[in-house]
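> My structure file entry_15.txt, compact mmCIF, C-alpha atoms, is below:
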```txt
# COMPACT_ATOMS: atom_id res chain seq x y z
CA MET S 1 0.00 0.00 0.00
CA HIS S 2 1.32 3.42 -0.97
CA CYS S 3 1.12 6.42 1.34
CA SER S 4 -1.28 8.18 -1.04
CA ASP S 5 -3.59 5.16 -0.82
CA PHE S 6 -3.29 5.34 2.93
CA HIS S 7 -4.39 8.98 3.00
CA ARG S 8 -7.24 8.31 0.59
CA ARG S 9 -8.45 5.37 2.64
CA LEU S 10 -8.11 7.34 5.87
CA ASP S 11 -10.27 10.12 4.43
CA THR S 12 -12.87 7.58 3.34
CA VAL S 13 -12.94 5.98 6.79
CA LEU S 14 -13.27 9.35 8.49
CA ASP S 15 -15.96 10.44 6.03
CA ASP S 16 -17.94 7.37 7.07
CA ARG S 17 -17.41 8.36 10.72
CA GLN S 18 -15.53 5.17 11.43
CA ASN S 19 -12.53 4.69 13.71
CA PRO S 20 -9.32 4.47 11.63
CA ALA S 21 -7.56 2.57 14.42
CA ALA S 22 -10.02 -0.25 13.88
CA ASP S 23 -9.19 -0.53 10.18
CA PRO S 24 -6.63 -3.34 9.75
CA ILE S 25 -5.33 -2.07 6.39
CA LEU S 26 -4.58 1.36 7.80
CA THR S 27 -2.97 0.07 10.95
CA ALA S 28 -0.89 -2.41 8.98
CA HIS S 29 0.49 0.33 6.75
CA ALA S 30 0.98 2.69 9.72
CA ALA S 31 3.07 0.02 11.46
CA SER S 32 5.52 0.00 8.57
CA CYS S 33 5.50 3.74 7.62
CA HIS S 34 6.67 6.33 10.09
CA SER S 35 5.07 9.38 8.45
CA CYS S 36 1.73 7.65 8.01
CA ARG S 37 1.89 6.41 11.59
CA ARG S 38 2.49 10.00 12.69
CA TYR S 39 -0.37 11.21 10.53
CA LEU S 40 -2.72 8.59 11.94
CA HIS S 41 -1.71 9.56 15.43
CA GLY S 42 -2.20 13.23 14.57
CA GLN S 43 -5.74 12.78 13.33
CA ALA S 44 -6.62 10.88 16.49
CA ALA S 45 -5.17 13.72 18.56
CA LEU S 46 -7.05 16.28 16.45
CA LEU S 47 -10.43 14.66 16.95
CA ALA S 48 -9.71 14.10 20.63
CA GLY S 49 -8.80 17.75 21.07
CA LEU S 50 -11.87 18.83 19.14
CA SER S 51 -14.15 16.81 21.36
CA ARG S 52 -12.47 18.25 24.46
CA MET S 53 -12.81 21.85 23.39
CA GLN S 54 -15.02 23.56 25.88
CA THR S 55 -17.50 26.23 24.98
CA PRO S 56 -18.15 28.95 27.54
CA THR S 57 -21.74 29.25 28.64
CA LEU S 58 -23.91 32.08 27.46
CA ASP S 59 -25.57 34.22 30.07
CA ALA S 60 -29.26 33.74 30.71
CA SER S 61 -30.25 37.07 29.23
CA PHE S 62 -28.91 36.16 25.78
CA SER S 63 -32.16 34.75 24.42
CA ARG S 64 -34.24 37.59 25.78
CA ARG S 65 -31.83 40.13 24.31
CA VAL S 66 -32.10 38.49 20.91
CA VAL S 67 -35.89 38.47 21.01
CA VAL S 68 -36.00 42.13 22.04
CA LEU S 69 -33.78 42.98 19.08
CA ALA S 70 -35.56 40.82 16.55
CA ALA S 71 -39.24 41.01 17.51
CA PRO S 72 -39.99 44.54 16.24
CA ALA S 73 -38.56 43.75 12.83
CA ILE S 74 -40.41 40.49 12.26
CA ARG S 75 -42.84 40.73 9.42
CA PRO S 76 -45.79 38.39 9.08
CA ALA S 77 -45.20 35.59 6.68
CA ARG S 78 -46.43 36.08 3.15
CA ALA S 79 -48.71 33.53 1.66
CA PRO S 80 -46.97 30.93 -0.48
CA ARG S 81 -46.51 31.85 -4.10
CA ARG S 82 -48.98 29.21 -5.26
CA LEU S 83 -51.67 30.56 -2.97
CA ARG S 84 -50.97 34.08 -4.17
CA ARG S 85 -51.33 32.96 -7.79
CA ILE S 86 -54.60 31.20 -7.05
CA SER S 87 -56.03 34.21 -5.26
CA TRP S 88 -54.90 36.49 -8.08
CA ALA S 89 -56.50 34.26 -10.71
CA LEU S 90 -59.68 34.08 -8.63
CA GLY S 91 -59.78 37.84 -8.38
CA VAL S 92 -59.37 38.25 -12.14
CA ALA S 93 -62.07 35.66 -12.81
CA LEU S 94 -64.50 37.29 -10.40
CA SER S 95 -63.80 40.74 -11.81
CA SER S 96 -64.39 39.47 -15.36
CA ALA S 97 -67.61 37.78 -14.30
CA ALA S 98 -68.78 40.94 -12.58
CA ALA S 99 -67.97 43.06 -15.64
CA THR S 100 -69.77 40.60 -17.92
CA LEU S 101 -72.82 40.57 -15.67
CA LEU S 102 -72.82 44.34 -15.56
CA ALA S 103 -72.68 44.57 -19.36
CA ILE S 104 -75.44 42.00 -19.75
CA SER S 105 -77.63 43.76 -17.24
CA ILE S 106 -77.13 47.12 -18.95
CA VAL S 107 -78.08 45.71 -22.33
CA TRP S 108 -81.02 43.83 -20.86
CA TYR S 109 -82.24 46.89 -19.04
CA ALA S 110 -81.82 49.00 -22.16
CA HIS S 111 -84.06 46.66 -24.12
CA ARG S 112 -86.60 46.31 -21.37
CA ARG S 113 -87.03 49.75 -19.95
CA ASP S 114 -88.61 52.36 -22.16
CA LEU S 115 -88.36 56.00 -21.48
CA ALA S 116 -91.53 57.86 -21.84
CA VAL S 117 -91.67 61.60 -21.83
CA VAL S 118 -94.82 63.07 -20.51
CA ASP S 119 -96.00 66.55 -20.10
CA ALA S 120 -94.68 67.87 -16.86
CA ASN S 121 -97.58 70.23 -16.41
CA GLN S 122 -100.10 67.42 -16.52
CA ALA S 123 -100.73 65.33 -13.46
CA PRO S 124 -100.17 61.63 -14.03
CA PRO S 125 -103.44 59.71 -14.09
CA GLN S 126 -102.11 56.89 -11.90
CA VAL S 127 -101.20 59.26 -9.13
CA GLU S 128 -104.52 61.02 -9.46
CA GLY S 129 -106.33 57.71 -9.12
CA LEU S 130 -104.31 56.74 -6.11
CA ARG S 131 -104.67 60.15 -4.57
CA SER S 132 -108.40 59.81 -4.53
CA ARG S 133 -108.19 56.42 -2.85
CA PHE S 134 -105.15 56.87 -0.61
CA PRO S 135 -104.73 60.59 -0.16
CA ARG S 136 -102.01 60.31 2.51
CA ILE S 137 -99.67 57.97 0.68
CA ALA S 138 -100.47 58.68 -2.91
CA TRP S 139 -97.54 61.00 -3.33
CA LEU S 140 -95.25 58.11 -2.39
CA ALA S 141 -96.76 55.70 -4.87
CA PRO S 142 -94.70 55.02 -7.97
CA PRO S 143 -96.53 55.53 -11.22
CA TYR S 144 -96.47 51.86 -12.13
CA PHE S 145 -98.82 50.94 -9.28
CA GLY S 146 -102.57 51.06 -9.50
CA PRO S 147 -104.94 50.42 -12.38
CA LYS S 148 -103.55 51.20 -15.78
CA SER S 149 -106.60 52.82 -17.15
CA ASN S 150 -104.71 55.30 -19.27
CA PRO S 151 -101.77 53.70 -21.01
CA ARG S 152 -98.74 55.87 -21.23
CA PRO S 153 -97.93 57.39 -24.56
CA ALA S 154 -95.92 55.34 -26.97
CA PRO S 155 -92.22 55.69 -26.27
CA LYS S 156 -90.26 57.85 -28.55
CA ILE S 157 -86.84 57.32 -27.04
CA THR S 158 -85.43 54.33 -25.24
CA ILE S 159 -82.23 53.90 -23.33
CA ALA S 160 -81.15 51.58 -26.12
CA ASP S 161 -81.46 54.54 -28.50
CA VAL S 162 -79.36 56.62 -26.16
CA LEU S 163 -76.72 53.90 -25.97
CA LEU S 164 -76.69 53.49 -29.73
CA GLU S 165 -76.32 57.20 -30.17
CA SER S 166 -73.63 57.54 -27.54
CA PRO S 167 -70.60 57.00 -29.86
CA ARG S 168 -71.70 60.04 -31.81
CA TRP S 169 -72.08 62.24 -28.80
CA PRO S 170 -68.63 63.79 -28.89
CA SER S 171 -69.19 65.04 -32.42
CA ARG S 172 -72.43 66.64 -31.35
CA TRP S 173 -71.11 68.15 -28.16
CA HIS S 174 -70.20 71.43 -29.78
CA GLY S 175 -70.93 73.27 -26.63
CA TYR S 176 -72.00 72.61 -23.12
CA ARG S 177 -75.52 73.72 -23.92
CA ASP S 178 -76.01 71.17 -26.66
CA ALA S 179 -74.47 68.51 -24.51
CA LEU S 180 -76.77 69.29 -21.67
CA ASP S 181 -79.66 69.31 -24.08
CA GLU S 182 -78.72 65.76 -25.05
CA TRP S 183 -78.67 64.72 -21.46
CA ALA S 184 -82.03 66.29 -20.89
CA ILE S 185 -83.47 63.89 -23.42
CA ALA S 186 -83.41 61.22 -20.81
CA GLU S 187 -86.08 63.17 -18.99
CA ARG S 188 -85.68 61.36 -15.77
CA LEU S 189 -86.76 64.55 -14.13
CA GLU S 190 -90.26 64.06 -15.48
CA GLU S 191 -90.57 60.71 -13.82
CA PHE S 192 -89.27 62.03 -10.55
CA GLU S 193 -91.74 64.83 -10.74
CA GLN S 194 -94.53 62.33 -11.11
CA LEU S 195 -93.37 60.68 -7.96
CA SER S 196 -92.73 63.82 -6.03
CA PRO S 197 -94.49 66.98 -7.19
CA ALA S 198 -92.62 68.90 -4.51
CA ILE S 199 -89.55 69.20 -6.72
CA ARG S 200 -91.45 71.26 -9.27
CA PRO S 201 -90.54 74.66 -7.76
CA LEU S 202 -86.91 73.64 -7.61
CA ARG S 203 -87.02 72.56 -11.20
CA ALA S 204 -88.63 75.85 -12.22
CA SER S 205 -85.90 77.77 -10.42
CA LEU S 206 -83.22 75.77 -12.14
CA ALA S 207 -84.88 76.38 -15.48
CA VAL S 208 -84.81 80.12 -14.89
CA ILE S 209 -81.16 79.99 -13.95
CA TRP S 210 -80.40 77.88 -16.98
CA ASP S 211 -82.21 80.23 -19.32
CA THR S 212 -80.32 83.15 -17.88
CA LEU S 213 -77.04 81.39 -18.39
CA CYS S 214 -77.95 80.49 -21.94
CA ARG S 215 -78.76 84.09 -22.77
CA THR S 216 -75.63 85.42 -21.07
CA ILE S 217 -73.08 83.12 -22.68
CA PRO S 218 -72.94 83.59 -26.43
CA ILE S 219 -72.61 80.50 -28.61
CA ALA S 220 -72.19 79.95 -32.31
CA THR S 221 -75.40 79.58 -34.20
CA ARG S 222 -75.75 76.44 -36.26
CA ASN S 223 -77.40 77.03 -39.56
CA ASP S 224 -78.01 73.41 -40.37
CA SER S 225 -80.22 72.73 -37.43
CA PRO S 226 -83.65 74.16 -36.82
CA SER S 227 -84.30 76.13 -33.69
CA PRO S 228 -84.85 73.70 -30.88
CA ALA S 229 -88.16 73.17 -29.28
CA ARG S 230 -88.44 74.09 -25.68
CA ASP S 231 -90.38 72.24 -23.14
CA GLY S 232 -91.98 73.62 -20.03
CA THR S 233 -88.84 73.27 -17.99
CA GLY S 234 -86.68 75.44 -20.15
CA PHE S 235 -84.59 72.54 -21.46
CA PHE S 236 -84.13 72.35 -25.17
CA LEU S 237 -85.07 69.11 -26.85
CA HIS S 238 -83.84 68.79 -30.40
CA GLY S 239 -81.63 66.82 -32.74
CA PRO S 240 -81.90 63.17 -33.70
CA LEU S 241 -82.96 62.21 -30.21
CA GLY S 242 -85.26 65.11 -29.71
CA VAL S 243 -88.79 64.54 -28.63
CA ALA S 244 -91.85 66.58 -29.07
CA MET D 1 -48.08 30.01 26.23
CA THR D 2 -45.18 28.06 27.73
CA TRP D 3 -42.94 26.24 25.30
CA ARG D 4 -40.99 23.13 26.15
CA SER D 5 -37.81 21.85 24.55
CA HIS D 6 -39.51 18.91 22.86
CA ASP D 7 -42.26 20.93 21.20
CA ASP D 8 -42.60 20.45 17.49
CA LEU D 9 -40.23 22.72 15.61
CA HIS D 10 -42.74 23.53 12.88
CA THR D 11 -45.31 24.61 15.44
CA LEU D 12 -42.69 26.71 17.13
CA VAL D 13 -41.73 28.38 13.86
CA ARG D 14 -45.37 29.00 12.97
CA HIS D 15 -45.91 30.78 16.27
CA CYS D 16 -42.71 32.77 15.80
CA LEU D 17 -43.98 33.93 12.42
CA ALA D 18 -47.22 35.00 14.07
CA GLY D 19 -45.19 37.23 16.38
CA ASP D 20 -45.33 35.08 19.53
CA GLN D 21 -42.34 36.24 21.58
CA ALA D 22 -42.51 33.25 23.90
CA ALA D 23 -42.06 30.99 20.88
CA MET D 24 -39.11 33.06 19.71
CA LEU D 25 -37.56 32.76 23.12
CA ALA D 26 -38.05 29.00 23.06
CA LEU D 27 -36.51 28.76 19.60
CA VAL D 28 -33.41 30.69 20.64
CA GLU D 29 -33.11 28.66 23.83
CA ARG D 30 -33.26 25.43 21.89
CA PHE D 31 -30.56 26.25 19.36
CA ARG D 32 -28.29 28.68 21.13
CA GLY D 33 -25.87 25.95 22.24
CA PRO D 34 -24.88 24.64 18.80
CA VAL D 35 -24.86 28.11 17.27
CA PHE D 36 -22.66 29.61 19.96
CA GLY D 37 -20.43 26.53 19.88
CA LEU D 38 -19.82 26.91 16.16
CA CYS D 39 -19.23 30.65 16.47
CA TYR D 40 -16.81 30.16 19.35
CA ARG D 41 -14.83 27.50 17.52
CA MET D 42 -14.63 29.56 14.36
CA LEU D 43 -13.85 32.90 15.99
CA GLY D 44 -11.88 31.82 19.03
CA GLN D 45 -13.14 34.68 21.19
CA ARG D 46 -16.07 34.64 23.51
CA GLN D 47 -17.22 38.20 22.87
CA ASP D 48 -16.97 37.91 19.10
CA ALA D 49 -18.72 34.56 19.23
CA GLU D 50 -21.53 35.98 21.34
CA ASP D 51 -21.97 38.89 18.93
CA ALA D 52 -22.01 36.54 15.97
CA ALA D 53 -24.51 34.23 17.67
CA GLN D 54 -26.73 37.18 18.47
CA GLU D 55 -26.57 38.45 14.89
CA THR D 56 -27.31 34.95 13.69
CA PHE D 57 -30.48 34.60 15.73
CA VAL D 58 -31.70 38.09 14.89
CA ARG D 59 -31.19 37.33 11.23
CA VAL D 60 -32.85 33.93 11.56
CA LEU D 61 -35.91 35.36 13.29
CA LYS D 62 -36.24 38.12 10.73
CA ASN D 63 -35.95 35.72 7.81
CA LEU D 64 -37.82 32.81 9.29
CA HIS D 65 -40.47 33.08 6.57
CA ARG D 66 -37.79 32.16 4.03
CA TRP D 67 -37.00 28.85 5.66
CA ASP D 68 -38.22 25.94 3.58
CA ALA D 69 -40.13 23.79 6.05
CA GLU D 70 -39.42 20.68 4.01
CA ARG D 71 -35.72 20.98 4.78
CA ASP D 72 -33.90 20.54 8.07
CA PHE D 73 -33.71 23.59 10.24
CA MET D 74 -30.31 22.98 11.76
CA PRO D 75 -28.19 23.13 8.56
CA TRP D 76 -29.95 26.33 7.55
CA LEU D 77 -29.35 27.85 10.96
CA LEU D 78 -25.70 26.79 11.14
CA ALA D 79 -25.05 28.03 7.62
CA ILE D 80 -26.23 31.47 8.67
CA ALA D 81 -24.03 31.26 11.77
CA GLY D 82 -21.05 30.22 9.65
CA ASN D 83 -21.61 33.10 7.26
CA ARG D 84 -21.79 35.53 10.18
CA CYS D 85 -18.51 34.15 11.50
CA ARG D 86 -16.81 34.44 8.13
CA THR D 87 -17.96 38.04 7.91
CA ALA D 88 -16.61 38.66 11.41
CA LEU D 89 -13.28 37.06 10.48
CA ALA D 90 -13.04 39.18 7.35
CA SER D 91 -13.69 42.36 9.31
CA ARG D 92 -11.22 41.25 11.96
CA LYS D 93 -8.53 41.01 9.29
CA ARG D 94 -9.19 44.62 8.33
CA ARG D 95 -8.67 45.83 11.88
CA PRO D 96 -5.32 47.57 12.33
CA VAL D 97 -4.61 46.02 15.70
CA ALA D 98 -6.26 42.83 16.63
CA GLU D 99 -5.22 41.41 19.92
CA SER D 100 -6.92 38.11 19.92
CA MET D 101 -6.94 35.33 22.38
CA VAL D 102 -5.39 33.16 19.74
CA GLU D 103 -2.30 35.34 19.68
CA LEU D 104 -2.04 35.30 23.44
CA ILE D 105 -2.26 31.55 23.50
CA ALA D 106 0.24 31.27 20.67
CA ASP D 107 2.88 32.84 22.85
CA ASP D 108 2.71 29.87 25.14
CA THR D 109 4.89 26.98 24.25
CA PRO D 110 3.04 23.72 24.24
CA ASP D 111 5.15 22.17 26.90
CA ARG D 112 2.18 21.38 29.06
CA CYS D 113 0.61 18.00 28.62
CA GLY D 114 -2.95 17.02 28.95
CA ALA D 115 -6.25 17.20 27.21
CA ASP D 116 -6.79 20.90 27.88
CA GLN D 117 -3.56 21.76 26.15
CA LEU D 118 -4.53 19.64 23.18
CA ALA D 119 -7.91 21.38 23.00
CA GLU D 120 -6.22 24.76 23.07
CA GLU D 121 -3.89 23.70 20.29
CA VAL D 122 -6.82 22.57 18.20
CA HIS D 123 -8.43 25.92 18.92
CA LEU D 124 -5.32 27.69 17.67
CA ALA D 125 -5.08 25.51 14.61
CA LEU D 126 -8.72 26.24 13.71
CA ALA D 127 -8.03 29.96 13.87
CA ASP D 128 -5.31 29.52 11.26
CA LEU D 129 -7.56 27.82 8.77
CA ARG D 130 -9.36 29.46 5.90
CA PRO D 131 -12.85 30.34 7.15
CA GLU D 132 -14.68 28.12 4.67
CA TYR D 133 -12.43 25.18 5.57
CA SER D 134 -13.00 25.58 9.29
CA GLN D 135 -16.74 26.04 8.76
CA ALA D 136 -17.03 22.86 6.70
CA PHE D 137 -14.77 20.94 9.08
CA LEU D 138 -16.67 22.01 12.19
CA LEU D 139 -20.06 21.36 10.62
CA PHE D 140 -18.92 17.85 9.75
CA HIS D 141 -16.93 16.85 12.83
CA ASN D 142 -18.41 19.03 15.53
CA GLN D 143 -22.06 19.45 14.53
CA GLU D 144 -22.09 16.07 12.79
CA LEU D 145 -23.95 17.25 9.71
CA SER D 146 -23.69 15.10 6.62
CA TYR D 147 -21.78 16.24 3.56
CA ALA D 148 -25.05 16.68 1.70
CA GLU D 149 -26.46 18.91 4.43
CA ILE D 150 -23.30 21.00 4.54
CA ALA D 151 -23.27 21.35 0.77
CA GLN D 152 -26.89 22.42 0.82
CA ALA D 153 -26.36 24.85 3.66
CA MET D 154 -23.22 26.45 2.27
CA GLU D 155 -24.55 26.31 -1.29
CA VAL D 156 -21.40 24.64 -2.55
CA PRO D 157 -21.09 21.37 -4.50
CA LEU D 158 -20.74 18.26 -2.36
CA GLY D 159 -17.35 17.39 -3.84
CA THR D 160 -16.03 20.81 -2.89
CA ILE D 161 -17.19 20.33 0.69
CA LYS D 162 -15.40 16.98 0.85
CA THR D 163 -12.23 18.55 -0.48
CA TRP D 164 -12.47 21.38 2.05
CA VAL D 165 -12.92 18.96 4.95
CA HIS D 166 -10.00 16.79 3.81
CA ARG D 167 -7.74 19.81 3.38
CA ALA D 168 -8.83 21.17 6.76
CA ARG D 169 -7.93 17.87 8.42
CA ARG D 170 -4.46 17.81 6.86
CA ALA D 171 -3.82 21.44 7.67
CA LEU D 172 -4.88 20.95 11.26
CA ILE D 173 -2.75 17.86 11.69
CA ASP D 174 0.23 19.67 10.15
CA HIS D 175 -0.36 22.59 12.51
CA LEU D 176 -0.54 20.33 15.54
CA SER D 177 2.53 18.54 14.38
CA ARG D 178 4.49 21.77 13.87
CA ARG D 179 3.46 22.98 17.31
CA GLY D 180 4.62 19.72 18.83
CA ALA D 181 1.19 18.96 20.14
CA ILE D 182 1.40 15.45 18.76
CA PRO D 183 3.84 13.24 20.62
CA GLU D 184 6.27 11.39 18.41
CA PRO D 185 4.67 8.03 17.81
CA SER D 186 6.46 4.75 17.86
CA PRO D 187 5.17 1.42 16.63
CA SER D 188 4.68 0.35 20.16
CA ARG D 189 2.87 3.60 21.06
CA GLN D 190 -0.20 2.72 19.07
CA ASN D 191 -1.26 0.76 22.08
CA SER D 192 -0.38 3.55 24.48
CA PRO D 193 -3.11 5.09 26.70
CA HIS D 194 -2.87 8.50 24.95
CA PHE D 195 -3.51 7.04 21.50
CA ALA D 196 -6.33 4.87 22.82
CA LEU D 197 -7.87 7.89 24.53
CA ALA D 198 -7.60 10.00 21.41
CA THR D 199 -9.19 7.42 19.16
CA SER D 200 -11.92 6.50 21.60
CA THR D 201 -13.00 10.08 22.30
CA SER D 202 -13.01 11.05 18.67
CA HIS D 203 -16.19 9.04 17.98
```
Could you express the structure from this file as structure tokens?

Amino acid sequence: MHCSDFHRRLDTVLDDRQNPAADPILTAHAASCHSCRRYLHGQAALLAGLSRMQTPTLDASFSRRVVVLAAPAIRPARAPRRLRRISWALGVALSSAAATLLAISIVWYAHRRDLAVVDANQAPPQVEGLRSRFPRIAWLAPPYFGPKSNPRPAPKITIADVLLESPRWPSRWHGYRDALDEWAIAERLEEFEQLSPAIRPLRASLAVIWDTLCRTIPIATRNDSPSPARDGTGFFLHGPLGVA
Amino acid sequence: MTWRSHDDLHTLVRHCLAGDQAAMLALVERFRGPVFGLCYRMLGQRQDAEDAAQETFVRVLKNLHRWDAERDFMPWLLAIAGNRCRTALASRKRRPVAESMVELIADDTPDRCGADQLAEEVHLALADLRPEYSQAFLLFHNQELSYAEIAQAMEVPLGTIKTWVHRARRALIDHLSRRGAIPEPSPSRQNSPHFALATSTSH
């Protein structure tokens, strides 16, 4: 056995946590080779010294000191990456579903709900009928309750029409007045007024203010459009979506 | 909540992550021995070792959420301790004057006999090693981690760890031999009480 083989075998024995003194091949070579015998003796002394090395004891306050230093900086653990991905995907799916539902409901509502414009100066027949029977609560009653003796006039504009027209709005919004006129087409105010006649004075006041503003601020006159019709509120109703 | 030494480590870690200071205290209490032992053997000074152990535990507690629960805790912990010690050794080298215990001991001639003297010589020899060699050697022989665990903890290939441990062994034996800490063996001395003691206490 060569000395290099001895060293290699000694390393292997020590790597396996075995006792080299119990290996007959190593001891046989060490008996005949002075340097290897010295090396074998040295490794035994090394491991003996290592096991005898004493470690001083830490004081009792060590652990508490560490916790005091570390505790304020500890952040709560983040969820695992897989969980984060799942929650993110769930959020995207729910948001998409909500957006789809919203779009469907808008389209459905646009096809279902007709807008009817009625004369604001005329009392709705449903409310009149209810007022005679339930004078104290009639003003709360929505117009779709009660007997439908007088059918409402045929709708001229629907929300679907408004939605279909909406892409062309910017081209027709030459000025704030025209734009507001377009919005007035919806005529939600009329329906509210049917429900609550008390807003009529407020509406009249607003109409006066609006008329004043319209007369004060000069705008360009359009030659291609006829002069708009004016309803009782002072709002102008004209253009493709205009109603009588 | 009172934690005992045999409580499940994963439960302990979970409570630490939730901010339970009693659990943190229990965790430090459980592992402070091995960590301080490694730091003391690598640094050779009590105060430096205590500082390194403290830094190690602070770092471990702060980064506990990064520990992979499917792996052993001890190699991860000791790797952090070893890295802290290597950083401390590097900064010690940059100091202009470093009066270390190792130097004070080195002035003594090893004329005394006995196990304490041998332990001191080993201590001195460890201080002379390259930090990565002493870390790998101590993790293998002192903390009894496997080569695979050391390689995983130090993020070095397994073959490199083996080479480092082998080189550390030879360097330490050479150092002990140069210092005269190893008595001159004779063929008949293999059966001497000193040799028998050395081999029996090594395992």
> Rounded to one decimal in Å, what is the spacing between CA of Val35 (chain D) and CA of Pro20 (chain S)?
28.8 Å
> So that I can check the surroundings of region 116-133 of chain D, please list as a PyMOL selection string every protein, DNA and RNA residue that reaches within 6 Å of it, counting only C-alpha atoms and ignoring chain neighbours fewer than 5 positions away.
(chain S and resi 49+52-53) or (chain D and resi 86+102+164+168+172+175)
> Using the file's own x, y and z axes, so that the box edges lie along x, y and z, what centre and edge lengths in Å (one decimal) does a box around every listed atom of region 81-98 of chain S get when 5 Å is added on each side? Give it as JSON.

```
{"center_x": -57.6, "center_y": 35.1, "center_z": -9.2, "size_x": 32.3, "size_y": 21.7, "size_z": 22.4}
```
> Which neighbours of Ser146 (chain D) fall inside 10 Å, counting all atoms listed in the file, when residues of the same chain fewer than 5 positions from it are skipped, and could you give them as a ChimeraX atom specification?
/S:15-16 /D:75,139-141,151-152,158
> Can you list every residue of chain S that has an atom at most 6 Å from chain D, with its nearest atom pair and the distance in Å to one decimal, using all atoms listed in the file, ordered by chain then number, as a Markdown table?

```
| residue | atom | partner | partner_atom | distance |
| --- | --- | --- | --- | --- |
| S:Ala31 | CA | D:Pro187 | CA | 5.8 |
| S:Arg38 | CA | D:Pro185 | CA | 5.9 |
| S:Gly42 | CA | D:Ile173 | CA | 5.5 |
| S:Ala44 | CA | D:Thr199 | CA | 5.1 |
| S:Ala45 | CA | D:Ala198 | CA | 5.3 |
| S:Leu47 | CA | D:Ser202 | CA | 4.8 |
| S:Ala48 | CA | D:Ala198 | CA | 4.7 |
| S:Gly49 | CA | D:Ala119 | CA | 4.2 |
| S:Arg52 | CA | D:Ala119 | CA | 5.7 |
| S:Met53 | CA | D:Ala119 | CA | 4.9 |
| S:Thr55 | CA | D:Gly37 | CA | 5.9 |
| S:Ser63 | CA | D:Val28 | CA | 5.7 |
| S:Ala70 | CA | D:Val58 | CA | 5.0 |
| S:Ile74 | CA | D:Lys62 | CA | 5.0 |
| S:Pro76 | CA | D:Leu17 | CA | 5.9 |
| S:Ala77 | CA | D:His65 | CA | 5.4 |
```
> Which value, in Å to one decimal, gives the distance between CA of Arg17 (chain S) and CA of Asn83 (chain D)?
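A separation of 25.3 Å between them.
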> Separation of CA of Asn19 (chain S) and CA of Leu145 (chain D), in Å?
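Separation of CA of Asn19 (chain S) and CA of Leu145 (chain D): 17.4 Å.
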